[in-house]
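A.B. asks: So here's input.cif, just mmCIF, C-alpha atoms:
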data_final
#
loop_
_atom_site.label_atom_id
_atom_site.label_comp_id
_atom_site.auth_asym_id
_atom_site.auth_seq_id
_atom_site.Cartn_x
_atom_site.Cartn_y
_atom_site.Cartn_z
CA MET Z 1 24.87 23.31 25.31
CA LEU Z 2 22.75 26.27 26.24
CA SER Z 3 23.29 28.57 29.22
CA LYS Z 4 23.07 27.60 32.88
CA ILE Z 5 19.57 28.99 33.42
CA VAL Z 6 18.06 26.87 30.65
CA ARG Z 7 19.84 23.73 31.86
CA SER Z 8 18.62 24.01 35.44
CA VAL Z 9 15.03 24.81 34.43
CA ALA Z 10 15.01 21.77 32.12
CA ASN Z 11 16.32 19.62 34.94
CA GLN Z 12 13.40 20.64 37.15
CA LEU Z 13 10.66 20.43 34.48
CA ILE Z 14 11.45 16.92 33.18
CA VAL Z 15 10.10 15.33 36.38
CA PHE Z 16 6.62 16.83 35.96
CA ILE Z 17 6.43 16.05 32.25
CA LEU Z 18 7.38 12.41 32.87
CA ILE Z 19 4.77 12.01 35.63
CA PHE Z 20 2.03 13.60 33.52
CA GLY Z 21 2.83 11.37 30.53
CA LEU Z 22 2.76 8.19 32.63
CA TYR Z 23 -0.55 9.33 34.22
CA VAL Z 24 -2.14 9.74 30.77
CA ILE Z 25 -0.94 6.23 29.77
CA ALA Z 26 -2.03 4.49 32.97
CA HIS Z 27 -5.54 6.02 33.19
CA GLY Z 28 -6.38 5.34 29.55
CA HIS Z 29 -9.51 3.41 30.43
CA LEU Z 30 -11.10 6.12 32.62
CA THR Z 31 -10.25 9.51 31.09
CA PRO Z 32 -9.47 10.57 27.52
CA GLY Z 33 -6.00 9.34 26.59
CA GLY Z 34 -4.35 6.00 26.12
CA GLY Z 35 -1.13 4.53 24.82
CA PHE Z 36 -0.38 6.72 21.81
CA GLN Z 37 -1.24 10.04 23.40
CA GLY Z 38 0.81 9.46 26.56
CA GLY Z 39 3.76 8.26 24.52
CA ALA Z 40 3.76 11.50 22.52
CA VAL Z 41 3.81 13.56 25.75
CA VAL Z 42 6.87 11.70 27.11
CA VAL Z 43 8.71 12.02 23.78
CA SER Z 44 8.19 15.79 23.81
CA GLY Z 45 9.89 15.86 27.22
CA VAL Z 46 12.86 13.96 25.78
CA VAL Z 47 13.09 16.48 22.92
CA MET Z 48 13.23 19.30 25.48
CA LEU Z 49 16.23 17.58 27.13
CA MET Z 50 17.88 17.19 23.76
CA VAL Z 51 17.59 20.91 23.04
CA ALA Z 52 18.85 22.06 26.47
CA PHE Z 53 21.82 19.68 26.60
CA SER Z 54 23.45 18.74 23.32
CA SER Z 55 22.59 15.44 21.69
CA LYS Z 56 26.12 14.15 22.23
CA GLU Z 57 25.52 14.18 26.02
CA LEU Z 58 22.19 12.43 25.70
CA LYS Z 59 23.71 9.63 23.66
CA LYS Z 60 25.66 8.45 26.73
CA SER Z 61 22.43 7.89 28.69
CA LEU Z 62 20.07 6.48 26.03
CA ARG Z 63 22.06 3.69 24.46
CA GLU Z 64 20.80 2.01 21.32
CA ARG Z 65 20.65 -1.49 22.80
CA VAL Z 66 18.35 -0.47 25.68
CA LEU Z 67 15.92 1.32 23.35
CA SER Z 68 15.81 -1.67 21.01
CA ILE Z 69 15.01 -4.09 23.85
CA MET Z 70 12.23 -1.78 25.15
CA GLU Z 71 10.56 -1.52 21.77
CA SER Z 72 10.68 -5.25 21.06
CA THR Z 73 9.26 -6.03 24.52
CA GLY Z 74 6.31 -3.72 23.91
CA ALA Z 75 5.47 -5.33 20.58
CA LEU Z 76 5.79 -8.91 21.91
CA VAL Z 77 3.56 -8.24 24.96
CA PHE Z 78 0.89 -6.74 22.67
CA ILE Z 79 0.87 -9.79 20.39
CA ALA Z 80 0.90 -12.22 23.35
CA LEU Z 81 -2.19 -10.51 24.84
CA ALA Z 82 -3.91 -10.76 21.47
CA PHE Z 83 -3.19 -14.50 21.24
CA ALA Z 84 -4.16 -15.27 24.85
CA GLY Z 85 -7.86 -15.71 24.14
CA ILE Z 86 -7.45 -17.83 21.02
CA GLY Z 87 -9.89 -20.45 22.34
CA THR Z 88 -12.88 -18.27 21.39
CA ALA Z 89 -11.54 -15.72 18.89
CA PHE Z 90 -8.48 -13.66 18.05
CA PHE Z 91 -8.37 -10.51 20.31
CA TYR Z 92 -10.95 -11.94 22.73
CA ASN Z 93 -11.25 -9.98 25.99
CA LEU Z 94 -10.71 -12.83 28.43
CA LEU Z 95 -10.21 -10.90 31.68
CA VAL Z 96 -13.79 -9.60 32.05
CA GLY Z 97 -15.34 -11.22 35.15
CA THR Z 98 -12.08 -12.41 36.72
CA PRO Z 99 -10.80 -10.49 39.79
CA ILE Z 100 -7.62 -9.12 38.16
CA PHE Z 101 -9.00 -6.35 35.95
CA GLY Z 102 -12.55 -7.49 35.56
CA HIS Z 103 -15.06 -5.49 37.60
CA ILE Z 104 -18.04 -4.31 35.62
CA PRO Z 105 -19.03 -0.67 36.29
CA PRO Z 106 -22.68 0.32 36.85
CA THR Z 107 -24.38 1.57 33.68
CA GLY Z 108 -24.68 5.30 33.11
CA SER Z 109 -22.60 8.09 34.60
CA ASN Z 110 -20.36 6.96 37.46
CA PRO Z 111 -17.05 7.95 39.12
CA GLY Z 112 -14.48 5.59 37.68
CA ASP Z 113 -13.21 2.36 39.23
CA PHE Z 114 -9.56 1.60 38.46
CA TRP Z 115 -9.80 -2.19 38.30
CA THR Z 116 -12.12 -2.26 35.30
CA GLY Z 117 -11.45 -2.73 31.64
CA GLY Z 118 -10.27 -6.27 31.01
CA VAL Z 119 -7.29 -6.58 28.71
CA VAL Z 120 -7.32 -2.90 27.62
CA PRO Z 121 -5.10 -1.29 30.39
CA LEU Z 122 -2.34 -3.87 29.80
CA MET Z 123 -2.44 -3.19 26.06
CA ASN Z 124 -2.19 0.55 26.80
CA LEU Z 125 1.05 0.02 28.75
CA ALA Z 126 2.58 -2.14 25.99
CA VAL Z 127 1.77 0.33 23.20
CA GLY Z 128 2.98 3.28 25.31
CA LEU Z 129 6.37 1.61 25.86
CA LYS Z 130 6.69 0.92 22.15
CA VAL Z 131 5.89 4.50 21.12
CA ILE Z 132 8.32 6.03 23.66
CA ALA Z 133 11.26 3.86 22.57
CA GLY Z 134 10.60 4.15 18.83
CA LEU Z 135 10.06 7.89 18.53
CA SER Z 136 12.93 8.90 20.83
CA ALA Z 137 15.31 6.68 18.80
CA VAL Z 138 14.19 8.40 15.58
CA VAL Z 139 14.65 11.93 16.99
CA LEU Z 140 18.06 11.09 18.48
CA ALA Z 141 19.31 9.57 15.19
CA MET Z 142 18.22 12.62 13.17
CA ALA Z 143 19.87 15.08 15.58
CA LEU Z 144 23.12 13.12 15.66
CA PHE Z 145 23.33 12.73 11.88
CA SER Z 146 22.88 16.38 11.02
CA SER Z 147 25.61 17.50 13.43
CA GLY Z 148 28.23 15.24 11.91
CA GLU Z 149 28.55 12.58 14.62
CA GLU Z 150 28.49 8.81 14.40
CA VAL Z 151 25.02 7.29 14.77
CA ASP Z 152 26.34 3.80 15.57
CA GLU Z 153 27.19 2.56 19.04
CA MET K 1 1.34 26.74 -21.79
CA ARG K 2 1.61 23.74 -19.47
CA LYS K 3 0.95 25.99 -16.51
CA ILE K 4 -2.34 27.32 -17.96
CA VAL K 5 -3.69 23.83 -18.64
CA GLY K 6 -2.63 22.76 -15.13
CA LEU K 7 -4.38 25.76 -13.58
CA ILE K 8 -7.63 25.06 -15.40
CA LEU K 9 -7.58 21.41 -14.31
CA TRP K 10 -6.91 22.47 -10.71
CA LEU K 11 -9.97 24.76 -10.83
CA VAL K 12 -12.08 21.84 -12.07
CA LEU K 13 -10.79 19.80 -9.10
CA VAL K 14 -11.71 22.56 -6.61
CA ALA K 15 -15.22 22.82 -8.07
CA PHE K 16 -15.67 19.05 -7.83
CA LEU K 17 -14.54 18.99 -4.17
CA VAL K 18 -16.85 21.87 -3.18
CA TRP K 19 -19.83 20.33 -4.99
CA GLY K 20 -19.14 17.01 -3.27
CA THR K 21 -19.37 18.47 0.24
CA LEU K 22 -22.88 19.76 -0.43
CA GLN K 23 -24.19 16.25 -1.03
CA ILE K 24 -23.26 14.78 2.37
CA HIS K 25 -25.75 14.69 5.28
CA PRO K 26 -26.36 18.06 7.02
CA PHE K 27 -23.82 18.85 9.73
CA GLY K 28 -24.94 17.59 13.14
CA ASP K 29 -27.28 14.79 12.10
CA PRO K 30 -25.29 11.68 11.08
CA PRO K 31 -26.70 8.23 10.26
CA SER K 32 -25.70 6.06 13.22
CA ASP K 33 -26.87 2.45 13.48
CA MET K 34 -23.59 0.77 14.44
CA ASP K 35 -22.57 3.53 16.84
CA ASP K 36 -25.87 3.34 18.76
CA TYR K 37 -25.22 -0.33 19.47
CA ILE K 38 -21.61 0.39 20.56
CA ILE K 39 -22.60 3.29 22.87
CA GLU K 40 -25.29 1.24 24.63
CA ASN K 41 -23.46 -2.08 25.03
CA ALA K 42 -19.80 -1.13 25.52
CA GLN K 43 -19.98 -0.94 29.31
CA GLU K 44 -21.45 -4.44 29.80
CA GLU K 45 -19.40 -6.32 27.25
CA THR K 46 -15.94 -4.82 27.86
CA GLY K 47 -16.35 -3.21 31.30
CA ASN K 48 -14.59 -0.05 30.10
CA ASN K 49 -15.64 3.53 30.85
CA ASN K 50 -13.84 4.96 27.81
CA VAL K 51 -15.84 4.02 24.70
CA VAL K 52 -13.18 5.30 22.24
CA GLY K 53 -10.47 3.21 23.96
CA SER K 54 -12.59 0.08 23.82
CA VAL K 55 -13.31 0.67 20.12
CA VAL K 56 -9.57 1.06 19.36
CA PHE K 57 -8.40 -1.98 21.35
CA ASP K 58 -11.37 -4.35 21.50
CA TYR K 59 -13.94 -3.90 18.75
CA ARG K 60 -11.36 -2.92 16.10
CA GLY K 61 -8.15 -4.32 17.54
CA PHE K 62 -6.93 -5.64 14.20
CA ASP K 63 -6.42 -2.10 12.88
CA THR K 64 -4.28 -1.29 15.93
CA LEU K 65 -2.14 -4.35 15.20
CA GLY K 66 -1.52 -3.09 11.66
CA GLU K 67 -0.69 0.37 12.94
CA ALA K 68 1.86 -0.98 15.44
CA THR K 69 3.50 -2.86 12.57
CA ILE K 70 3.73 0.33 10.49
CA LEU K 71 5.33 2.21 13.40
CA PHE K 72 7.90 -0.56 13.88
CA THR K 73 8.75 -0.67 10.17
CA ALA K 74 9.14 3.11 9.90
CA VAL K 75 11.51 3.26 12.90
CA THR K 76 13.60 0.43 11.40
CA GLY K 77 13.73 2.19 8.04
CA VAL K 78 14.83 5.54 9.47
CA LEU K 79 17.58 4.00 11.62
CA LEU K 80 18.79 1.99 8.62
CA LEU K 81 19.08 4.97 6.27
CA LEU K 82 21.03 7.18 8.68
CA ARG K 83 24.16 5.11 9.14
CA THR K 84 27.52 6.42 7.91
CA LEU K 85 29.53 3.89 5.94
CA LYS K 86 32.89 4.52 7.56
CA ARG K 87 34.62 1.29 6.63
CA LYS K 88 33.96 1.70 2.90
CA GLU K 89 35.69 5.11 2.85
CA GLU K 90 38.75 3.70 4.59
CA ASP K 91 39.17 0.95 1.98
CA SER K 92 39.09 3.22 -1.10
CA MET Q 1 -25.86 25.72 16.39
CA GLU Q 2 -28.68 23.58 14.98
CA ASN Q 3 -28.63 24.52 11.29
CA ILE Q 4 -25.20 25.60 10.03
CA PRO Q 5 -25.67 26.72 6.39
CA LEU Q 6 -23.69 25.12 3.56
CA ASN Q 7 -21.97 22.54 5.85
CA PHE Q 8 -19.09 24.86 6.81
CA PRO Q 9 -16.71 22.33 8.48
CA PHE Q 10 -16.78 20.01 5.44
CA LEU Q 11 -16.15 23.03 3.18
CA ALA Q 12 -13.10 24.03 5.25
CA ALA Q 13 -11.63 20.52 4.96
CA ALA Q 14 -12.24 20.51 1.18
CA LEU Q 15 -10.53 23.92 0.76
CA LEU Q 16 -7.49 22.73 2.76
CA ALA Q 17 -7.22 19.69 0.49
CA ALA Q 18 -7.46 21.91 -2.61
CA ILE Q 19 -4.64 24.17 -1.32
CA SER Q 20 -2.42 21.19 -0.69
CA PHE Q 21 -3.08 19.88 -4.22
CA TYR Q 22 -1.88 23.24 -5.61
CA ILE Q 23 1.34 23.00 -3.58
CA VAL Q 24 2.12 19.44 -4.67
CA ILE Q 25 1.50 20.12 -8.37
CA PHE Q 26 3.16 23.49 -8.87
CA LYS Q 27 6.08 23.89 -6.43
CA ARG Q 28 9.63 22.61 -6.96
CA ASN Q 29 11.39 22.87 -3.61
CA LEU Q 30 11.44 19.54 -1.75
CA ILE Q 31 10.71 20.97 1.70
CA LYS Q 32 7.62 22.76 0.36
CA LEU Q 33 6.33 19.49 -1.08
CA ILE Q 34 6.62 17.81 2.31
CA MET Q 35 4.76 20.68 3.97
CA GLY Q 36 1.98 20.29 1.39
CA ILE Q 37 1.60 16.61 2.25
CA ALA Q 38 1.38 17.49 5.96
CA ILE Q 39 -1.42 20.00 5.22
CA MET Q 40 -3.33 17.31 3.33
CA ALA Q 41 -3.02 14.97 6.33
CA SER Q 42 -4.52 17.65 8.58
CA ALA Q 43 -7.40 18.19 6.15
CA VAL Q 44 -8.29 14.49 6.12
CA ASN Q 45 -8.17 14.25 9.93
CA LEU Q 46 -10.43 17.29 10.30
CA PHE Q 47 -12.93 15.81 7.83
CA LEU Q 48 -13.06 12.49 9.70
CA VAL Q 49 -13.73 14.07 13.09
CA ALA Q 50 -16.35 16.47 11.69
CA LEU Q 51 -18.29 13.58 10.12
CA GLY Q 52 -19.32 12.16 13.45
CA TYR Q 53 -20.71 15.15 15.29
CA ARG Q 54 -24.15 15.15 16.85
CA ALA Q 55 -25.57 18.58 17.77
CA GLY Q 56 -25.54 19.08 21.55
CA GLY Q 57 -23.67 15.87 22.32
CA ASN Q 58 -21.07 15.13 25.01
CA ALA Q 59 -17.75 13.31 24.81
CA PRO Q 60 -18.16 9.50 24.56
CA ILE Q 61 -16.77 8.70 28.02
CA TYR Q 62 -18.94 7.45 30.87
CA THR Q 63 -16.95 8.90 33.82
CA ASP Q 64 -19.08 11.75 35.31
CA VAL Q 65 -20.85 12.58 32.05
CA PRO Q 66 -23.77 15.09 32.15
CA GLU Q 67 -27.18 14.19 30.71
CA GLY Q 68 -27.73 14.09 26.97
CA SER Q 69 -26.71 12.23 23.86
CA MET Q 70 -23.16 11.27 22.89
CA VAL Q 71 -21.02 11.96 19.84
CA LEU Q 72 -20.16 8.99 17.59
CA PRO Q 73 -16.96 7.22 18.79
CA VAL Q 74 -15.88 5.27 15.69
CA PRO Q 75 -14.56 8.19 13.51
CA GLN Q 76 -12.42 9.33 16.45
CA ALA Q 77 -10.81 5.90 16.67
CA LEU Q 78 -10.03 5.94 12.92
CA THR Q 79 -8.47 9.43 13.27
CA LEU Q 80 -6.08 8.14 15.96
CA THR Q 81 -4.75 5.51 13.59
CA SER Q 82 -4.44 8.03 10.76
CA ILE Q 83 -2.37 10.47 12.85
CA VAL Q 84 0.15 7.79 13.84
CA ILE Q 85 0.54 6.57 10.27
CA ASN Q 86 1.10 10.14 9.02
CA VAL Q 87 3.88 10.67 11.59
CA ALA Q 88 5.65 7.49 10.43
CA VAL Q 89 5.43 8.37 6.71
CA LEU Q 90 6.60 11.96 7.33
CA ALA Q 91 9.68 10.73 9.25
CA LEU Q 92 10.68 8.45 6.35
CA MET Q 93 10.19 11.25 3.81
CA LEU Q 94 12.39 13.67 5.76
CA THR Q 95 15.15 11.04 6.02
CA MET Q 96 15.10 10.57 2.26
CA VAL Q 97 15.37 14.35 1.72
CA ILE Q 98 18.45 14.39 3.99
CA GLN Q 99 20.10 11.68 1.87
CA ILE Q 100 19.18 13.41 -1.43
CA TYR Q 101 20.75 16.66 -0.22
CA ARG Q 102 23.91 14.84 0.83
CA HIS Q 103 24.36 13.14 -2.55
CA THR Q 104 23.34 15.84 -5.07
CA GLY Q 105 23.84 19.07 -3.14
CA SER Q 106 20.63 20.85 -4.11
CA LEU Q 107 16.99 20.78 -3.00
CA ASP Q 108 15.45 21.16 -6.46
CA SER Q 109 13.19 18.34 -7.58
CA GLU Q 110 14.03 18.90 -11.26
CA LYS Q 111 17.74 18.18 -10.74
CA SER Q 112 17.31 14.70 -9.26
CA ARG Q 113 15.00 13.19 -11.88
CA LYS Q 114 17.24 11.10 -14.09
CA LEU Q 115 18.33 7.65 -12.94
CA LYS Q 116 22.10 7.36 -13.31
CA GLY Q 117 24.61 4.58 -12.96
#
How does the structure come out when it is put into structure tokens?

C.D. replies:
Amino acid sequence: MLSKIVRSVANQLIVFILIFGLYVIAHGHLTPGGGFQGGAVVVSGVVMLMVAFSSKELKKSLRERVLSIMESTGALVFIALAFAGIGTAFFYNLLVGTPIFGHIPPTGSNPGDFWTGGVVPLMNLAVGLKVIAGLSAVVLAMALFSSGEEVDE
Amino acid sequence: MRKIVGLILWLVLVAFLVWGTLQIHPFGDPPSDMDDYIIENAQEETGNNNVVGSVVFDYRGFDTLGEATILFTAVTGVLLLLRTLKRKEEDS
Amino acid sequence: MENIPLNFPFLAAALLAAISFYIVIFKRNLIKLIMGIAIMASAVNLFLVALGYRAGGNAPIYTDVPEGSMVLPVPQALTLTSIVINVAVLALMLTMVIQIYRHTGSLDSEKSRKLKG
């Protein structure tokens, strides 16, 4: 546990880091970014919390069962979206043209429209969830092991 | 003696690497037949403004599936190796 | 910017790879070996991104892009995959070094060579 100044600054900063990471994940089809990049930003925010408070305190909030369910959900949604267009091909983009995510932008330079992209924004969210859960579990396990605690539940 | 032979072989490797980079195309002028097709037709076929994102998830989505599998396997391996065997120490 | 002599970015990536080969062959401490492998990963990523550069090109994204040609997008997609795979392999290697230190008590790669038991 570090001093009181560091703890209160970390409490204020984690809100902005979380919002920026989720913005990079959600706008992956308009600006540079996507699932993997936004997941790395959120995990660096979790590491900042782990340094300011000790890892024993963080283990009470991030339980192992919740992280495991989040990671498995991300992987299953990704595979389900890949199998959804199996009538034509594996990984077929079947939402182009339908009104859910299927507007087609005008060719050339244009200000972006959010409801474009087909299947790609949903895949970004699934991969982002998987990266957040996986990497924060790895960092938490390494910090707990090298300070002599129990890694199990 | 082993170190001198190793050093000479490493110098041969450095010379080979440097000679190899002089045989590639000049910097700033790459051959690009497949990428010209992707840059022109990515907005009509996928409806995406980000061409790199549509290459990662639509034109080459199978590589992303393999990479997600590698990430899953690595996380499982790390969490498996870092468990303390407490019950075995209590028995003996 | 039009004619860079001797292909400098490719030369920089090749020199980084040569330095990492020296570290992996000649050093004995386990942590230094892992750092050498991380340097080699950076060299390969730099080489991949430098392969697809067009002189005077913009980023390959169509939102508010100025006039001109675009850089090739496929090497950048391959570099994304390579970075994620390097992170996964590095995490597994560091875990194994933790277990080796706990069982043998030293970080020398010459002391943990013989298979026992």

A.B. asks: Could you tell me which residues the PyMOL selection byres ((chain K and resi 43-48) around 10) grabs in this file, written as number ranges by chain?

C.D. replies: Z: 28-30, 93-97, 101-108, 112-121; K: 38-42, 49-55, 58-59; Q: 61-63

A.B. asks: Could you turn the residues from that selection into a file that holds C-alpha atoms, as a CSV table (one decimal), keeping the file's coordinate frame?

C.D. replies:
chain,number,residue,atom,x,y,z
Z,28,GLY,CA,-6.4,5.3,29.6
Z,29,HIS,CA,-9.5,3.4,30.4
Z,30,LEU,CA,-11.1,6.1,32.6
Z,93,ASN,CA,-11.2,-10.0,26.0
Z,94,LEU,CA,-10.7,-12.8,28.4
Z,95,LEU,CA,-10.2,-10.9,31.7
Z,96,VAL,CA,-13.8,-9.6,32.0
Z,97,GLY,CA,-15.3,-11.2,35.2
Z,101,PHE,CA,-9.0,-6.4,36.0
Z,102,GLY,CA,-12.6,-7.5,35.6
Z,103,HIS,CA,-15.1,-5.5,37.6
Z,104,ILE,CA,-18.0,-4.3,35.6
Z,105,PRO,CA,-19.0,-0.7,36.3
Z,106,PRO,CA,-22.7,0.3,36.8
Z,107,THR,CA,-24.4,1.6,33.7
Z,108,GLY,CA,-24.7,5.3,33.1
Z,112,GLY,CA,-14.5,5.6,37.7
Z,113,ASP,CA,-13.2,2.4,39.2
Z,114,PHE,CA,-9.6,1.6,38.5
Z,115,TRP,CA,-9.8,-2.2,38.3
Z,116,THR,CA,-12.1,-2.3,35.3
Z,117,GLY,CA,-11.4,-2.7,31.6
Z,118,GLY,CA,-10.3,-6.3,31.0
Z,119,VAL,CA,-7.3,-6.6,28.7
Z,120,VAL,CA,-7.3,-2.9,27.6
Z,121,PRO,CA,-5.1,-1.3,30.4
K,38,ILE,CA,-21.6,0.4,20.6
K,39,ILE,CA,-22.6,3.3,22.9
K,40,GLU,CA,-25.3,1.2,24.6
K,41,ASN,CA,-23.5,-2.1,25.0
K,42,ALA,CA,-19.8,-1.1,25.5
K,49,ASN,CA,-15.6,3.5,30.8
K,50,ASN,CA,-13.8,5.0,27.8
K,51,VAL,CA,-15.8,4.0,24.7
K,52,VAL,CA,-13.2,5.3,22.2
K,53,GLY,CA,-10.5,3.2,24.0
K,54,SER,CA,-12.6,0.1,23.8
K,55,VAL,CA,-13.3,0.7,20.1
K,58,ASP,CA,-11.4,-4.4,21.5
K,59,TYR,CA,-13.9,-3.9,18.8
Q,61,ILE,CA,-16.8,8.7,28.0
Q,62,TYR,CA,-18.9,7.4,30.9
Q,63,THR,CA,-17.0,8.9,33.8

A.B. asks: Give as a PyMOL selection string the residues that the PyMOL selection byres ((chain Z and resi 36-44) around 10) matches when applied to the coordinates above.

C.D. replies: (chain Z and resi 14+17-28+32-35+45-50+124-125+127-137+139) or (chain Q and resi 80-81+83-84)

A.B. asks: Evaluated on this file, the PyMOL selection byres ((chain Q) within 9 of (chain K)) picks out some residues - which ones are they, written as a PDB file with C-alpha atoms, in the coordinates of the input?

C.D. replies:
ATOM      1  CA  MET Q   1     -25.860  25.720  16.390  1.00  0.00           C
ATOM      2  CA  GLU Q   2     -28.680  23.580  14.980  1.00  0.00           C
ATOM      3  CA  ASN Q   3     -28.630  24.520  11.290  1.00  0.00           C
ATOM      4  CA  ILE Q   4     -25.200  25.600  10.030  1.00  0.00           C
ATOM      5  CA  PRO Q   5     -25.670  26.720   6.390  1.00  0.00           C
ATOM      6  CA  LEU Q   6     -23.690  25.120   3.560  1.00  0.00           C
ATOM      7  CA  ASN Q   7     -21.970  22.540   5.850  1.00  0.00           C
ATOM      8  CA  PHE Q   8     -19.090  24.860   6.810  1.00  0.00           C
ATOM      9  CA  PRO Q   9     -16.710  22.330   8.480  1.00  0.00           C
ATOM     10  CA  PHE Q  10     -16.780  20.010   5.440  1.00  0.00           C
ATOM     11  CA  LEU Q  11     -16.150  23.030   3.180  1.00  0.00           C
ATOM     12  CA  ALA Q  14     -12.240  20.510   1.180  1.00  0.00           C
ATOM     13  CA  LEU Q  15     -10.530  23.920   0.760  1.00  0.00           C
ATOM     14  CA  ALA Q  17      -7.220  19.690   0.490  1.00  0.00           C
ATOM     15  CA  ALA Q  18      -7.460  21.910  -2.610  1.00  0.00           C
ATOM     16  CA  ILE Q  19      -4.640  24.170  -1.320  1.00  0.00           C
ATOM     17  CA  PHE Q  21      -3.080  19.880  -4.220  1.00  0.00           C
ATOM     18  CA  TYR Q  22      -1.880  23.240  -5.610  1.00  0.00           C
ATOM     19  CA  ILE Q  25       1.500  20.120  -8.370  1.00  0.00           C
ATOM     20  CA  PHE Q  26       3.160  23.490  -8.870  1.00  0.00           C
ATOM     21  CA  ALA Q  50     -16.350  16.470  11.690  1.00  0.00           C
ATOM     22  CA  LEU Q  51     -18.290  13.580  10.120  1.00  0.00           C
ATOM     23  CA  GLY Q  52     -19.320  12.160  13.450  1.00  0.00           C
ATOM     24  CA  TYR Q  53     -20.710  15.150  15.290  1.00  0.00           C
ATOM     25  CA  ARG Q  54     -24.150  15.150  16.850  1.00  0.00           C
ATOM     26  CA  ALA Q  55     -25.570  18.580  17.770  1.00  0.00           C
ATOM     27  CA  GLY Q  56     -25.540  19.080  21.550  1.00  0.00           C
ATOM     28  CA  PRO Q  60     -18.160   9.500  24.560  1.00  0.00           C
ATOM     29  CA  ILE Q  61     -16.770   8.700  28.020  1.00  0.00           C
ATOM     30  CA  TYR Q  62     -18.940   7.450  30.870  1.00  0.00           C
ATOM     31  CA  THR Q  63     -16.950   8.900  33.820  1.00  0.00           C
ATOM     32  CA  MET Q  70     -23.160  11.270  22.890  1.00  0.00           C
ATOM     33  CA  LEU Q  72     -20.160   8.990  17.590  1.00  0.00           C
ATOM     34  CA  PRO Q  73     -16.960   7.220  18.790  1.00  0.00           C
ATOM     35  CA  VAL Q  74     -15.880   5.270  15.690  1.00  0.00           C
ATOM     36  CA  GLN Q  76     -12.420   9.330  16.450  1.00  0.00           C
ATOM     37  CA  ALA Q  77     -10.810   5.900  16.670  1.00  0.00           C
ATOM     38  CA  LEU Q  78     -10.030   5.940  12.920  1.00  0.00           C
ATOM     39  CA  LEU Q  80      -6.080   8.140  15.960  1.00  0.00           C
ATOM     40  CA  THR Q  81      -4.750   5.510  13.590  1.00  0.00           C
ATOM     41  CA  SER Q  82      -4.440   8.030  10.760  1.00  0.00           C
ATOM     42  CA  VAL Q  84       0.150   7.790  13.840  1.00  0.00           C
ATOM     43  CA  ILE Q  85       0.540   6.570  10.270  1.00  0.00           C
ATOM     44  CA  VAL Q  87       3.880  10.670  11.590  1.00  0.00           C
ATOM     45  CA  ALA Q  88       5.650   7.490  10.430  1.00  0.00           C
ATOM     46  CA  VAL Q  89       5.430   8.370   6.710  1.00  0.00           C
ATOM     47  CA  ALA Q  91       9.680  10.730   9.250  1.00  0.00           C
ATOM     48  CA  LEU Q  92      10.680   8.450   6.350  1.00  0.00           C
ATOM     49  CA  THR Q  95      15.150  11.040   6.020  1.00  0.00           C
ATOM     50  CA  MET Q  96      15.100  10.570   2.260  1.00  0.00           C
ATOM     51  CA  ILE Q  98      18.450  14.390   3.990  1.00  0.00           C
ATOM     52  CA  GLN Q  99      20.100  11.680   1.870  1.00  0.00           C
TER      53      GLN Q  99
END

A.B. asks: Find the residues in chain Z near chain Q: any atom within 6 Å counts, using all atoms listed in the file. Write them as a PDB file with C-alpha atoms, keeping the file's coordinate frame.

C.D. replies:
ATOM      1  CA  SER Z 109     -22.600   8.090  34.600  1.00  0.00           C
ATOM      2  CA  ASN Z 110     -20.360   6.960  37.460  1.00  0.00           C
ATOM      3  CA  PRO Z 111     -17.050   7.950  39.120  1.00  0.00           C
ATOM      4  CA  GLY Z 112     -14.480   5.590  37.680  1.00  0.00           C
TER       5      GLY Z 112
END

A.B. asks: Could you state the separation of CA of Glu64 in chain Z and CA of Arg83 in chain K in Å, given to one decimal place?

C.D. replies: 13.0 Å

A.B. asks: Quick one: pull the distance between CA of Ser42 in chain Q and CA of Thr79 in chain Q, Å, one decimal.

C.D. replies: 10.3 Å

A.B. asks: CA of Ile23 in chain Q and CA of Gly36 in chain Q are how many Å apart?

C.D. replies: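 Computing it gives 5.7 Å between the two atoms.
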
A.B. asks: Pick the closest to chain Z from K:Arg2, K:Tyr37, K:Val12, K:Thr69: which is it, counting all atoms listed in the file?

C.D. replies: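 Among the listed residues, the smallest separation from chain Z belongs to K:Thr69.
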
A.B. asks: Looking at only C-alpha atoms, which of Z:Thr31, Z:Ala143, Z:Ser68, Z:Leu76 is the one that sits closest to chain K?

C.D. replies: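 Using only C-alpha atoms, the shortest distance to chain K belongs to Z:Thr31.
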
A.B. asks: Please output range 39-43 of chain Q, rebuilt to include N, CA and C atoms, as a PDB file, in the coordinates of the input.

C.D. replies:
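Produced file out-v3.pdb, reproduced below:
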ATOM      1  N   ILE Q  39      -0.140  19.272   5.193  1.00  0.00           N
ATOM      2  CA  ILE Q  39      -1.420  20.000   5.220  1.00  0.00           C
ATOM      3  C   ILE Q  39      -2.547  19.092   4.771  1.00  0.00           C
ATOM      4  N   MET Q  40      -2.272  18.210   3.782  1.00  0.00           N
ATOM      5  CA  MET Q  40      -3.330  17.310   3.330  1.00  0.00           C
ATOM      6  C   MET Q  40      -3.696  16.316   4.426  1.00  0.00           C
ATOM      7  N   ALA Q  41      -2.711  15.878   5.216  1.00  0.00           N
ATOM      8  CA  ALA Q  41      -3.020  14.970   6.330  1.00  0.00           C
ATOM      9  C   ALA Q  41      -3.930  15.643   7.344  1.00  0.00           C
ATOM     10  N   SER Q  42      -3.665  16.933   7.633  1.00  0.00           N
ATOM     11  CA  SER Q  42      -4.520  17.650   8.580  1.00  0.00           C
ATOM     12  C   SER Q  42      -5.936  17.811   8.055  1.00  0.00           C
ATOM     13  N   ALA Q  43      -6.060  18.022   6.726  1.00  0.00           N
ATOM     14  CA  ALA Q  43      -7.400  18.190   6.150  1.00  0.00           C
ATOM     15  C   ALA Q  43      -8.209  16.897   6.279  1.00  0.00           C
TER      16      ALA Q  43
END
